[in-house]
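Enquirer: Questions regarding the structure given below will be posed in turn.
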Amino acid sequence: MIKKIFFCAFLLFCQNFLLFGQLRVTFKINKIPLSKDPSVHLFLAGDFNGWNPSDARYEIPSEGNGNFAVTTTMKPGIINFKVTRGNWQTVECTSDGKPVDNRSFTLKHDTTITISIAGWQDNFKAEEKKHTASANVHILSEKFEIPQLARQRRVWIYLPADYEISHKQYPVIYMQDGQNLFDAYTSGYGEWGVDEIMDKLPVKDQCIIVGVDHGGEHRLSEYDPYDTKYGKGEGSGYADFLAKTLKPYVDGHYRTKKDPRNTTVAGSSMGGLISMYAILKYPDVFGNAGVFSPSFWLPPAIYDYAKLRSLKKYTRIYFVCGDSESDSMVADMKKMAGLVRAKGISEQNTPEVVVKGAKHNEKQWNGDFPAFYQWLSHR
C-alpha cells in the first residue's frame with residue numbers, strides 16, 4: 001500500500017512538472033558598487049518578463065550587509081537577463097562603464113545563481129553618441145498620427161540613391177523599432193545598420209524602407225495583439241495603423257509599387273510578433289514578412305489566429321532566429337512556419353533559418369538582414 005501511495009505521488013509530481021515545467025532559481029547578489037540612490041532597489045530584467053527593468057515580481061530584496069537575494073520559479077531552458085536599479089539608465093555595466101552582454105545560463109534543475117555587479121551605468125558619463133544614418137535616410141515625420149491608438153510617433157524613410165532622379169516605382173518594407181534601424185544616436189543597444197546594408201547594394205536593387213519608432217513604455221502592448229500579464233494588447237490597432245493609415249500615406253506621397261507582392265512588413269522580437277500578426281490580418285496588403293526572433297512565447301493565441309486565417313498562395317514569410325536566444329525560440333518559430341505551410345504555402349516561400357550561437361540582439365539582426373533581403377528580392 002505504501003509503495004502504491006509513493007508511486008501515485010511520484011506520478012503526480014511528474015504530471016505537475018510536465019504541466020507547469022517550473023524549477024526553483026535563487027538569484028544571489030553578493031557585491032554591488034555604490035550608487036546614486038539612497039536606498040537601492042534591484043530588479044531582474046530578462047526574456048522571462050519581457051525585459052521589464054522594474055518588474056515588481058522580480059525585485060531582489062536586500063538581506064542586509066550588502067547582500068540581495070530572491071527565489072522564483074522559471075521554465076527549464078536558456079535564461080537571459082540583466083540586473084537593473086529600476087530602469088535602463090541604471091542597468092549594470094563593467095567597472096569602467098562599458099555595456100555588458102546579457103547574462104545567460106541554461107536552467108536544467110533547481111539552482112542558485114551568484115552574481116557580482118561591477119558597475120552601474122548611471123555612475124559614468126554617457127559616451128557621446130554620433131549620428132550614423134546615411135544621406136538616404138530621412139525623417140518622414142517626427143509626430144506621425146496613429147489615430148487607431150490616439151498617439152503620435154516618429155517615422156523614418158530610406159529612399160534609394162536614385163530616387164530623386166529616376167521615375168521608377170519601388171517596393172516598400174515597413175519595419176518596427178525604427179529608432180534602432182538606421183542611426184546609432186537614437187538606438188538603445190546598437191543599430192541594425194539597414195541603411196549601410198542597402199547603400200552597398202547596386203542602386204537598381206534598392207527599395208524604400210519605412211521605419212516606425214516603437215512606443216517606449218507602450219512597446220509591449222502595441223506589438224502584442226492580445227491581453228497578457230504585461231498589459232492590454234493593442235497590436236490589432238497598431239496593425240490597422242500600418243495597413244490603413246501609414247501605407248496609404250506612403251503610397252500617396254512616394255513612388256511605390258503598391259501591390260502586396262511588393263509590400264513587406266518586418267521586425268524583430270516583439271516586432272517580429274506584430275509583423276507576423278499583420279500579414280495574417282492583412283494578407284491583401286502585405287505579401288511578404290520578415291519575422292526575426294519572434295516573441296511567440298508571449299501570446300500563444302497567435303497560433304490559434306494563424307490556424308484561422310487564410311493566406312494568399314504568393315505569401316512569402318522569412319523566419320530567422322538564433323539557437324541561443326531562449327529554450328523555446330526555435331521550436332516556437334518552427335511551429336508557426338508549419339502552420340503557414342499547412343495553408344499550402346511552399347517551403348521555398350517560408351524558409352526557416354536558425355543561426356548557430358546567435359543571441360537576441362541588434363548585432364544578430366544586422367547579420368540576418370542581408371540574407372533576408374536577398375531572398376526577398378529574388379523570387
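Chain lettering (A, B, ...) mirrors the order of the C-alpha cells, residue numbering begins at 1 for each chain separately, and ligand numbering begins at 1 in order of display.
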Give me, as a VMD selection string, all polymer residues having an atom no more than 10 Å from Gly86 (chain A), counting only C-alpha atoms and skipping those fewer than 2 positions away in the same chain.

Expert: chain A and resid 40 to 45 52 to 56 59 83 to 84 88 to 91

Enquirer: How about saving the chosen residues, all heavy atoms kept, as a short mmCIF file (atom, residue, chain, number, x, y, z; two decimals), in the first residue's frame?

Expert:
data_model
loop_
_atom_site.label_atom_id
_atom_site.label_comp_id
_atom_site.auth_asym_id
_atom_site.auth_seq_id
_atom_site.Cartn_x
_atom_site.Cartn_y
_atom_site.Cartn_z
N VAL A 40 18.75 51.30 -2.29
CA VAL A 40 18.94 50.55 -3.53
C VAL A 40 17.83 49.52 -3.71
O VAL A 40 17.56 48.73 -2.81
CB VAL A 40 20.31 49.85 -3.54
CG1 VAL A 40 20.47 49.02 -4.81
CG2 VAL A 40 21.43 50.87 -3.44
N HIS A 41 17.19 49.54 -4.87
CA HIS A 41 16.20 48.53 -5.23
C HIS A 41 16.69 47.85 -6.51
O HIS A 41 16.91 48.52 -7.53
CB HIS A 41 14.82 49.15 -5.46
CG HIS A 41 14.23 49.74 -4.21
ND1 HIS A 41 13.45 49.01 -3.34
CD2 HIS A 41 14.32 50.99 -3.69
CE1 HIS A 41 13.07 49.77 -2.35
NE2 HIS A 41 13.59 50.98 -2.52
N LEU A 42 16.88 46.56 -6.45
CA LEU A 42 17.41 45.81 -7.59
C LEU A 42 16.32 44.96 -8.23
O LEU A 42 15.44 44.44 -7.54
CB LEU A 42 18.57 44.91 -7.14
CG LEU A 42 19.74 45.58 -6.41
CD1 LEU A 42 20.83 44.57 -6.12
CD2 LEU A 42 20.29 46.74 -7.23
N PHE A 43 16.43 44.82 -9.55
CA PHE A 43 15.43 44.06 -10.31
C PHE A 43 16.12 43.17 -11.34
O PHE A 43 17.19 43.52 -11.86
CB PHE A 43 14.47 45.00 -11.05
CG PHE A 43 13.70 45.93 -10.15
CD1 PHE A 43 14.26 47.14 -9.74
CD2 PHE A 43 12.43 45.59 -9.72
CE1 PHE A 43 13.55 48.00 -8.92
CE2 PHE A 43 11.72 46.44 -8.89
CZ PHE A 43 12.28 47.65 -8.49
N LEU A 44 15.49 42.06 -11.66
CA LEU A 44 15.89 41.21 -12.77
C LEU A 44 15.07 41.60 -13.99
O LEU A 44 13.85 41.74 -13.91
CB LEU A 44 15.64 39.73 -12.46
CG LEU A 44 16.40 39.13 -11.28
CD1 LEU A 44 15.85 37.74 -10.96
CD2 LEU A 44 17.89 39.04 -11.60
N ALA A 45 15.74 41.79 -15.11
CA ALA A 45 15.06 42.05 -16.38
C ALA A 45 15.58 41.04 -17.39
O ALA A 45 16.79 40.95 -17.62
CB ALA A 45 15.34 43.47 -16.86
N ASN A 52 11.42 43.78 -18.76
CA ASN A 52 10.90 44.90 -17.97
C ASN A 52 11.91 45.24 -16.87
O ASN A 52 12.17 44.41 -16.00
CB ASN A 52 9.55 44.51 -17.35
CG ASN A 52 8.90 45.64 -16.57
OD1 ASN A 52 9.55 46.61 -16.22
ND2 ASN A 52 7.63 45.48 -16.29
N PRO A 53 12.49 46.44 -16.87
CA PRO A 53 13.56 46.76 -15.92
C PRO A 53 13.08 47.09 -14.51
O PRO A 53 13.90 47.30 -13.62
CB PRO A 53 14.22 47.99 -16.56
CG PRO A 53 13.11 48.67 -17.28
CD PRO A 53 12.25 47.56 -17.81
N SER A 54 11.76 47.14 -14.30
CA SER A 54 11.24 47.49 -12.98
C SER A 54 10.06 46.60 -12.59
O SER A 54 9.11 47.05 -11.97
CB SER A 54 10.81 48.96 -12.94
OG SER A 54 9.82 49.22 -13.93
N ASP A 55 10.14 45.34 -12.95
CA ASP A 55 9.07 44.38 -12.70
C ASP A 55 9.07 44.02 -11.21
O ASP A 55 10.00 43.37 -10.71
CB ASP A 55 9.28 43.14 -13.55
CG ASP A 55 8.08 42.20 -13.54
OD1 ASP A 55 7.28 42.28 -12.60
OD2 ASP A 55 7.96 41.40 -14.49
N ALA A 56 8.03 44.41 -10.49
CA ALA A 56 7.97 44.17 -9.04
C ALA A 56 8.03 42.68 -8.71
O ALA A 56 8.48 42.29 -7.63
CB ALA A 56 6.69 44.78 -8.47
N GLU A 59 11.75 41.82 -8.24
CA GLU A 59 12.62 42.65 -7.40
C GLU A 59 13.45 41.72 -6.50
O GLU A 59 12.98 40.68 -6.04
CB GLU A 59 11.80 43.61 -6.55
CG GLU A 59 12.68 44.54 -5.71
CD GLU A 59 11.90 45.65 -5.02
OE1 GLU A 59 10.67 45.70 -5.18
OE2 GLU A 59 12.55 46.46 -4.33
N VAL A 83 20.72 42.85 -14.51
CA VAL A 83 20.25 43.44 -13.26
C VAL A 83 20.17 44.95 -13.43
O VAL A 83 21.08 45.57 -14.00
CB VAL A 83 21.21 43.09 -12.10
CG1 VAL A 83 20.73 43.75 -10.80
CG2 VAL A 83 21.31 41.58 -11.92
N THR A 84 19.08 45.55 -12.97
CA THR A 84 18.92 46.99 -13.04
C THR A 84 18.54 47.54 -11.66
O THR A 84 18.21 46.78 -10.75
CB THR A 84 17.82 47.41 -14.04
OG1 THR A 84 16.54 47.33 -13.39
CG2 THR A 84 17.81 46.53 -15.28
N TRP A 88 16.57 51.37 -17.53
CA TRP A 88 17.73 51.00 -18.34
C TRP A 88 18.88 52.01 -18.22
O TRP A 88 19.99 51.73 -18.64
CB TRP A 88 17.32 50.82 -19.80
CG TRP A 88 16.50 49.59 -19.99
CD1 TRP A 88 15.19 49.52 -20.36
CD2 TRP A 88 16.91 48.24 -19.77
NE1 TRP A 88 14.76 48.22 -20.39
CE2 TRP A 88 15.79 47.40 -20.03
CE3 TRP A 88 18.10 47.64 -19.37
CZ2 TRP A 88 15.84 46.02 -19.91
CZ3 TRP A 88 18.15 46.26 -19.24
CH2 TRP A 88 17.05 45.48 -19.52
N GLN A 89 18.62 53.16 -17.63
CA GLN A 89 19.70 54.11 -17.37
C GLN A 89 20.54 53.64 -16.18
O GLN A 89 21.70 54.07 -16.03
CB GLN A 89 19.14 55.51 -17.09
CG GLN A 89 18.58 56.23 -18.30
CD GLN A 89 17.31 55.59 -18.83
OE1 GLN A 89 16.40 55.31 -18.04
NE2 GLN A 89 17.23 55.36 -20.12
N THR A 90 19.98 52.77 -15.35
CA THR A 90 20.69 52.29 -14.16
C THR A 90 21.02 50.80 -14.28
O THR A 90 21.17 50.11 -13.27
CB THR A 90 19.85 52.52 -12.89
OG1 THR A 90 18.59 51.83 -13.02
CG2 THR A 90 19.57 54.01 -12.69
N VAL A 91 21.16 50.30 -15.48
CA VAL A 91 21.48 48.89 -15.69
C VAL A 91 22.94 48.62 -15.30
O VAL A 91 23.78 49.53 -15.28
CB VAL A 91 21.24 48.51 -17.17
CG1 VAL A 91 22.26 49.17 -18.08
CG2 VAL A 91 21.25 46.99 -17.35
#

Enquirer: Report the closest atom pair, with its distance in Å rounded to one decimal, for each residue of region 183-251 of chain A that has an atom no farther than 8 Å from region 290-304 of chain A; count only C-alpha atoms, sort by chain and then rising residue number, and write it as CSV.

Expert:
residue,atom,partner,partner_atom,distance
A:Asp224,CA,A:Pro299,CA,7.5
A:Tyr226,CA,A:Pro299,CA,6.4
A:Thr228,CA,A:Pro299,CA,7.1

Enquirer: Go ahead and write the selection's residues with N, CA, C and O atoms as a tab-separated table (two decimals), in the first residue's frame.

Expert:
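Saved file selection.tsv follows:
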chain	number	residue	atom	x	y	z
A	224	ASP	N	1.74	43.65	-29.23
A	224	ASP	CA	1.06	42.43	-28.79
A	224	ASP	C	-0.43	42.55	-29.09
A	224	ASP	O	-1.10	43.44	-28.56
A	226	TYR	N	-2.77	40.69	-28.04
A	226	TYR	CA	-3.59	40.03	-27.03
A	226	TYR	C	-3.29	40.57	-25.63
A	226	TYR	O	-2.16	40.96	-25.33
A	228	THR	N	-2.26	40.29	-21.97
A	228	THR	CA	-1.41	39.36	-21.20
A	228	THR	C	-1.13	39.99	-19.85
A	228	THR	O	-1.62	41.07	-19.53

Enquirer: Which residue, A:Tyr170, A:Phe286, A:Phe241, A:Tyr185, has the smallest gap to Thr264 (chain A) when you use only C-alpha atoms?

Expert: A:Phe286

Enquirer: Set the distance at 9 Å and use only C-alpha atoms: which residues neighbour Leu311 (chain A) once local chain neighbours fewer than 5 positions away are removed? I'd like the list as a PDB file with N, CA and C atoms, in the first residue's frame.

Expert:
ATOM      1  N   ILE A 279       0.666  40.334 -41.237  1.00  0.00           N
ATOM      2  CA  ILE A 279       0.492  39.644 -42.524  1.00  0.00           C
ATOM      3  C   ILE A 279      -0.663  38.648 -42.441  1.00  0.00           C
ATOM      4  N   LEU A 280      -0.925  38.108 -41.240  1.00  0.00           N
ATOM      5  CA  LEU A 280      -2.085  37.231 -41.070  1.00  0.00           C
ATOM      6  C   LEU A 280      -3.386  38.014 -41.182  1.00  0.00           C
ATOM      7  N   TYR A 282      -3.767  41.074 -42.636  1.00  0.00           N
ATOM      8  CA  TYR A 282      -3.891  41.817 -43.892  1.00  0.00           C
ATOM      9  C   TYR A 282      -3.076  41.169 -45.016  1.00  0.00           C
ATOM     10  N   PRO A 283      -3.433  39.937 -45.409  1.00  0.00           N
ATOM     11  CA  PRO A 283      -2.697  39.287 -46.499  1.00  0.00           C
ATOM     12  C   PRO A 283      -2.908  39.970 -47.845  1.00  0.00           C
ATOM     13  N   ASP A 284      -3.974  40.785 -47.960  1.00  0.00           N
ATOM     14  CA  ASP A 284      -4.209  41.534 -49.196  1.00  0.00           C
ATOM     15  C   ASP A 284      -3.376  42.813 -49.257  1.00  0.00           C
ATOM     16  N   GLY A 287       2.276  41.197 -48.717  1.00  0.00           N
ATOM     17  CA  GLY A 287       2.505  39.908 -49.369  1.00  0.00           C
ATOM     18  C   GLY A 287       3.700  39.177 -48.811  1.00  0.00           C
ATOM     19  N   VAL A 340       1.833  27.884 -41.286  1.00  0.00           N
ATOM     20  CA  VAL A 340       1.738  28.615 -42.549  1.00  0.00           C
ATOM     21  C   VAL A 340       1.784  27.648 -43.727  1.00  0.00           C
ATOM     22  N   LYS A 343      -1.260  25.771 -44.943  1.00  0.00           N
ATOM     23  CA  LYS A 343      -2.213  26.504 -45.780  1.00  0.00           C
ATOM     24  C   LYS A 343      -1.850  26.424 -47.260  1.00  0.00           C
ATOM     25  N   GLY A 344      -0.843  25.619 -47.568  1.00  0.00           N
ATOM     26  CA  GLY A 344      -0.452  25.439 -48.960  1.00  0.00           C
ATOM     27  C   GLY A 344       0.683  26.332 -49.413  1.00  0.00           C
ATOM     28  N   ILE A 345       1.319  27.042 -48.469  1.00  0.00           N
ATOM     29  CA  ILE A 345       2.472  27.890 -48.805  1.00  0.00           C
ATOM     30  C   ILE A 345       3.709  27.003 -48.868  1.00  0.00           C
TER      31      ILE A 345
END

Enquirer: Go ahead and compute the interatomic distance for CA of Trp51 (chain A) and CA of Gly211 (chain A), in Å to one decimal.

Expert: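 Between CA of Trp51 (chain A) and CA of Gly211 (chain A) the gap works out to 22.1 Å.
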
Enquirer: Just checking: using only C-alpha atoms, which residue out of A:Ser328, A:Ser346, A:Thr186, A:Asn80 ends up closest to Arg316 (chain A)?

Expert: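 Of A:Ser328, A:Ser346, A:Thr186, A:Asn80, the one nearest Arg316 (chain A) is A:Ser346, counting only C-alpha atoms.
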
Enquirer: Taking the DSSP secondary structure from the backbone, can you list the residues of region 66-288 of chain A that are alpha helix (DSSP H), as a ChimeraX atom specification?

Expert: /A:194-199,219-222,235-240,247-253,270-281

Enquirer: Give me the residues near Lys334 (chain A) as a ChimeraX atom specification, where near means some atom within 10 Å (using only C-alpha atoms) and where sequence neighbours in that chain fewer than 2 positions away do not count.

Expert: /A:319-320,328-332,336-340,351-354

Enquirer: Generate the output file for the selected residues, all heavy atoms, as a compact mmCIF listing (two decimals), in the first residue's frame.

Expert:
# COMPACT_ATOMS: atom_id res chain seq x y z
N PHE A 319 11.51 33.32 -41.85
CA PHE A 319 11.67 33.11 -40.41
C PHE A 319 13.14 32.95 -40.08
O PHE A 319 13.84 32.13 -40.70
CB PHE A 319 10.93 31.84 -39.98
CG PHE A 319 9.44 31.88 -40.14
CD1 PHE A 319 8.82 31.36 -41.27
CD2 PHE A 319 8.64 32.44 -39.14
CE1 PHE A 319 7.44 31.38 -41.41
CE2 PHE A 319 7.25 32.47 -39.27
CZ PHE A 319 6.65 31.95 -40.40
N VAL A 320 13.63 33.68 -39.08
CA VAL A 320 15.04 33.54 -38.69
C VAL A 320 15.19 33.82 -37.20
O VAL A 320 14.54 34.69 -36.64
CB VAL A 320 15.94 34.49 -39.52
CG1 VAL A 320 15.53 35.95 -39.34
CG2 VAL A 320 17.42 34.30 -39.16
N SER A 328 12.84 28.00 -26.09
CA SER A 328 11.69 27.69 -26.94
C SER A 328 11.69 28.45 -28.27
O SER A 328 10.81 28.21 -29.10
CB SER A 328 10.39 28.02 -26.19
OG SER A 328 10.30 29.41 -25.93
N MET A 329 12.64 29.36 -28.47
CA MET A 329 12.60 30.22 -29.66
C MET A 329 12.53 29.42 -30.96
O MET A 329 11.67 29.67 -31.82
CB MET A 329 13.81 31.15 -29.67
CG MET A 329 13.92 32.02 -30.92
SD MET A 329 12.60 33.24 -31.08
CE MET A 329 13.09 34.42 -29.82
N VAL A 330 13.44 28.47 -31.13
CA VAL A 330 13.49 27.71 -32.38
C VAL A 330 12.21 26.89 -32.57
O VAL A 330 11.61 26.90 -33.65
CB VAL A 330 14.73 26.79 -32.41
CG1 VAL A 330 14.70 25.89 -33.65
CG2 VAL A 330 16.01 27.62 -32.40
N ALA A 331 11.78 26.20 -31.52
CA ALA A 331 10.57 25.38 -31.62
C ALA A 331 9.34 26.24 -31.90
O ALA A 331 8.49 25.86 -32.72
CB ALA A 331 10.37 24.59 -30.33
N ASP A 332 9.25 27.40 -31.25
CA ASP A 332 8.11 28.29 -31.48
C ASP A 332 8.07 28.77 -32.92
O ASP A 332 7.01 28.83 -33.55
CB ASP A 332 8.19 29.50 -30.55
CG ASP A 332 7.90 29.15 -29.10
OD1 ASP A 332 7.43 28.02 -28.84
OD2 ASP A 332 8.15 30.01 -28.22
N MET A 336 5.18 27.92 -35.97
CA MET A 336 4.45 28.90 -36.79
C MET A 336 4.68 28.64 -38.27
O MET A 336 3.74 28.71 -39.08
CB MET A 336 4.88 30.32 -36.43
CG MET A 336 4.16 31.40 -37.23
SD MET A 336 2.35 31.38 -36.97
CE MET A 336 2.24 32.11 -35.34
N ALA A 337 5.92 28.35 -38.65
CA ALA A 337 6.21 28.06 -40.05
C ALA A 337 5.40 26.86 -40.54
O ALA A 337 4.88 26.84 -41.67
CB ALA A 337 7.70 27.80 -40.24
N GLY A 338 5.24 25.86 -39.67
CA GLY A 338 4.45 24.69 -40.03
C GLY A 338 2.98 25.03 -40.24
O GLY A 338 2.34 24.50 -41.16
N LEU A 339 2.44 25.92 -39.42
CA LEU A 339 1.06 26.33 -39.59
C LEU A 339 0.85 27.09 -40.90
O LEU A 339 -0.19 26.93 -41.56
CB LEU A 339 0.63 27.23 -38.41
CG LEU A 339 0.54 26.55 -37.04
CD1 LEU A 339 0.22 27.57 -35.96
CD2 LEU A 339 -0.51 25.44 -37.06
N VAL A 340 1.83 27.88 -41.29
CA VAL A 340 1.74 28.62 -42.55
C VAL A 340 1.78 27.65 -43.73
O VAL A 340 1.00 27.76 -44.67
CB VAL A 340 2.87 29.66 -42.65
CG1 VAL A 340 2.89 30.30 -44.03
CG2 VAL A 340 2.70 30.73 -41.57
N PRO A 351 11.11 29.97 -45.65
CA PRO A 351 12.37 29.42 -45.14
C PRO A 351 12.51 29.62 -43.64
O PRO A 351 12.04 30.61 -43.08
CB PRO A 351 13.43 30.23 -45.91
CG PRO A 351 12.74 31.51 -46.25
CD PRO A 351 11.32 31.14 -46.53
N GLU A 352 13.13 28.65 -42.99
CA GLU A 352 13.45 28.74 -41.56
C GLU A 352 14.96 28.77 -41.43
O GLU A 352 15.63 27.81 -41.79
CB GLU A 352 12.92 27.54 -40.80
CG GLU A 352 11.43 27.29 -40.91
CD GLU A 352 11.06 25.93 -40.34
OE1 GLU A 352 11.75 25.47 -39.40
OE2 GLU A 352 10.10 25.33 -40.84
N VAL A 353 15.49 29.85 -40.93
CA VAL A 353 16.94 29.99 -40.76
C VAL A 353 17.25 30.02 -39.26
O VAL A 353 16.73 30.88 -38.54
CB VAL A 353 17.46 31.27 -41.43
CG1 VAL A 353 18.97 31.40 -41.23
CG2 VAL A 353 17.10 31.28 -42.91
N VAL A 354 18.04 29.08 -38.80
CA VAL A 354 18.47 29.05 -37.40
C VAL A 354 19.98 29.28 -37.37
O VAL A 354 20.75 28.50 -37.91
CB VAL A 354 18.12 27.69 -36.75
CG1 VAL A 354 18.62 27.67 -35.30
CG2 VAL A 354 16.62 27.45 -36.80

Enquirer: Could you give me, as CSV, every region 115-223 of chain A residue with an atom at most 8 Å from region 360-376 of chain A, plus its closest atom pair and distance in Å to one decimal, counting only C-alpha atoms, rows ordered by chain then number?

Expert:
residue,atom,partner,partner_atom,distance
A:Asn180,CA,A:Glu362,CA,7.9
A:Tyr189,CA,A:Glu362,CA,7.2
A:Gly190,CA,A:Glu362,CA,6.1
A:Glu191,CA,A:Glu362,CA,5.9
A:Trp192,CA,A:Asn366,CA,4.6
A:Gly193,CA,A:Asn366,CA,6.3
A:Val194,CA,A:Asn366,CA,7.2
A:Ile197,CA,A:Pro370,CA,7.0

Enquirer: In terms of the shortest atom-to-atom distance over only C-alpha atoms, which of A:Val70, A:Ile208, A:Val355, A:Ile78 is closest to Ser104 (chain A)?

Expert: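 Of A:Val70, A:Ile208, A:Val355, A:Ile78, the one nearest Ser104 (chain A), counting only C-alpha atoms, is A:Ile78.
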
Enquirer: May I ask which of the residues A:Glu63, A:Phe27, A:Asp96, A:Ser275 is the closest one to Lys82 (chain A), counting only C-alpha atoms?

Expert: A:Phe27

Enquirer: Leu34 (chain A): which residues within 9 Å, counting only C-alpha atoms, same-chain residues fewer than 4 positions away excluded, as a list in words?

Expert: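 What passes the distance filter is Gly119, Trp120 and Asn123 of chain A.
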
Enquirer: Using only all heavy atoms, please write the residues we just selected to a file, as a CSV table (one decimal), in the first residue's frame.

Expert:
chain,number,residue,atom,x,y,z
A,119,GLY,N,29.5,47.5,-12.0
A,119,GLY,CA,29.3,48.9,-12.1
A,119,GLY,C,27.8,49.2,-12.5
A,119,GLY,O,27.1,48.3,-12.9
A,120,TRP,N,27.4,50.4,-12.3
A,120,TRP,CA,26.1,50.9,-12.7
A,120,TRP,C,26.3,51.9,-13.8
A,120,TRP,O,27.1,52.8,-13.7
A,120,TRP,CB,25.3,51.5,-11.5
A,120,TRP,CG,25.1,50.6,-10.4
A,120,TRP,CD1,25.5,50.7,-9.1
A,120,TRP,CD2,24.2,49.4,-10.4
A,120,TRP,NE1,25.0,49.7,-8.3
A,120,TRP,CE2,24.2,48.9,-9.1
A,120,TRP,CE3,23.5,48.8,-11.4
A,120,TRP,CZ2,23.6,47.7,-8.7
A,120,TRP,CZ3,22.8,47.6,-11.1
A,120,TRP,CH2,22.9,47.1,-9.8
A,123,ASN,N,26.5,55.7,-13.1
A,123,ASN,CA,27.7,56.2,-12.4
A,123,ASN,C,28.8,56.8,-13.3
A,123,ASN,O,29.8,57.3,-12.9
A,123,ASN,CB,28.3,55.1,-11.5
A,123,ASN,CG,27.5,54.9,-10.2
A,123,ASN,OD1,26.7,55.7,-9.9
A,123,ASN,ND2,27.8,53.8,-9.6

Enquirer: For Phe124 (chain A), which residue out of A:Ile139, A:Cys93, A:Val100, A:Ala243 is the nearest one, using only C-alpha atoms?

Expert: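 With only C-alpha atoms as the atom set, the closest residue is A:Cys93.
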
Enquirer: Pick out the closest residue to Phe144 (chain A) from this set: A:Thr71, A:Arg379, A:Ile60, A:Val250. Count only C-alpha atoms.

Expert: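 Ranking A:Thr71, A:Arg379, A:Ile60, A:Val250 by distance to Phe144 (chain A), first place goes to A:Val250.
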
Enquirer: Which of region 221-377 of chain A end up as strand (DSSP E or B) when DSSP is run on this backbone - answer as a PyMOL selection string?

Expert: chain A and resi 228+231+256+263-268+288-292+316-322+352-355

Enquirer: Name the residues in contact with Ala342 (chain A) at a cut-off of 12 Å, using only C-alpha atoms, excluding same-chain residues fewer than 6 positions from it; report them as a list in words.

Expert: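 Neighbouring residues, sequence-local ones excluded: Ala306, Lys307, Leu308, Arg309, Ser310, Leu311, Lys313, Lys335, Met336 and Thr350 of chain A.
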
Enquirer: Pull C-alpha atoms from the residues just selected and write them as an mmCIF file, in the first residue's frame.

Expert:
data_model
loop_
_atom_site.group_PDB
_atom_site.id
_atom_site.type_symbol
_atom_site.label_atom_id
_atom_site.label_comp_id
_atom_site.auth_asym_id
_atom_site.auth_seq_id
_atom_site.Cartn_x
_atom_site.Cartn_y
_atom_site.Cartn_z
ATOM 1 C CA ALA A 306 -2.740 31.603 -37.612
ATOM 2 C CA LYS A 307 -4.882 28.475 -37.918
ATOM 3 C CA LEU A 308 -7.990 30.557 -38.618
ATOM 4 C CA ARG A 309 -6.561 32.985 -41.153
ATOM 5 C CA SER A 310 -6.295 32.456 -44.901
ATOM 6 C CA LEU A 311 -3.169 33.444 -46.791
ATOM 7 C CA LYS A 313 -0.638 31.407 -52.444
ATOM 8 C CA LYS A 335 5.642 25.696 -35.135
ATOM 9 C CA MET A 336 4.453 28.901 -36.793
ATOM 10 C CA THR A 350 8.658 30.001 -45.833
#
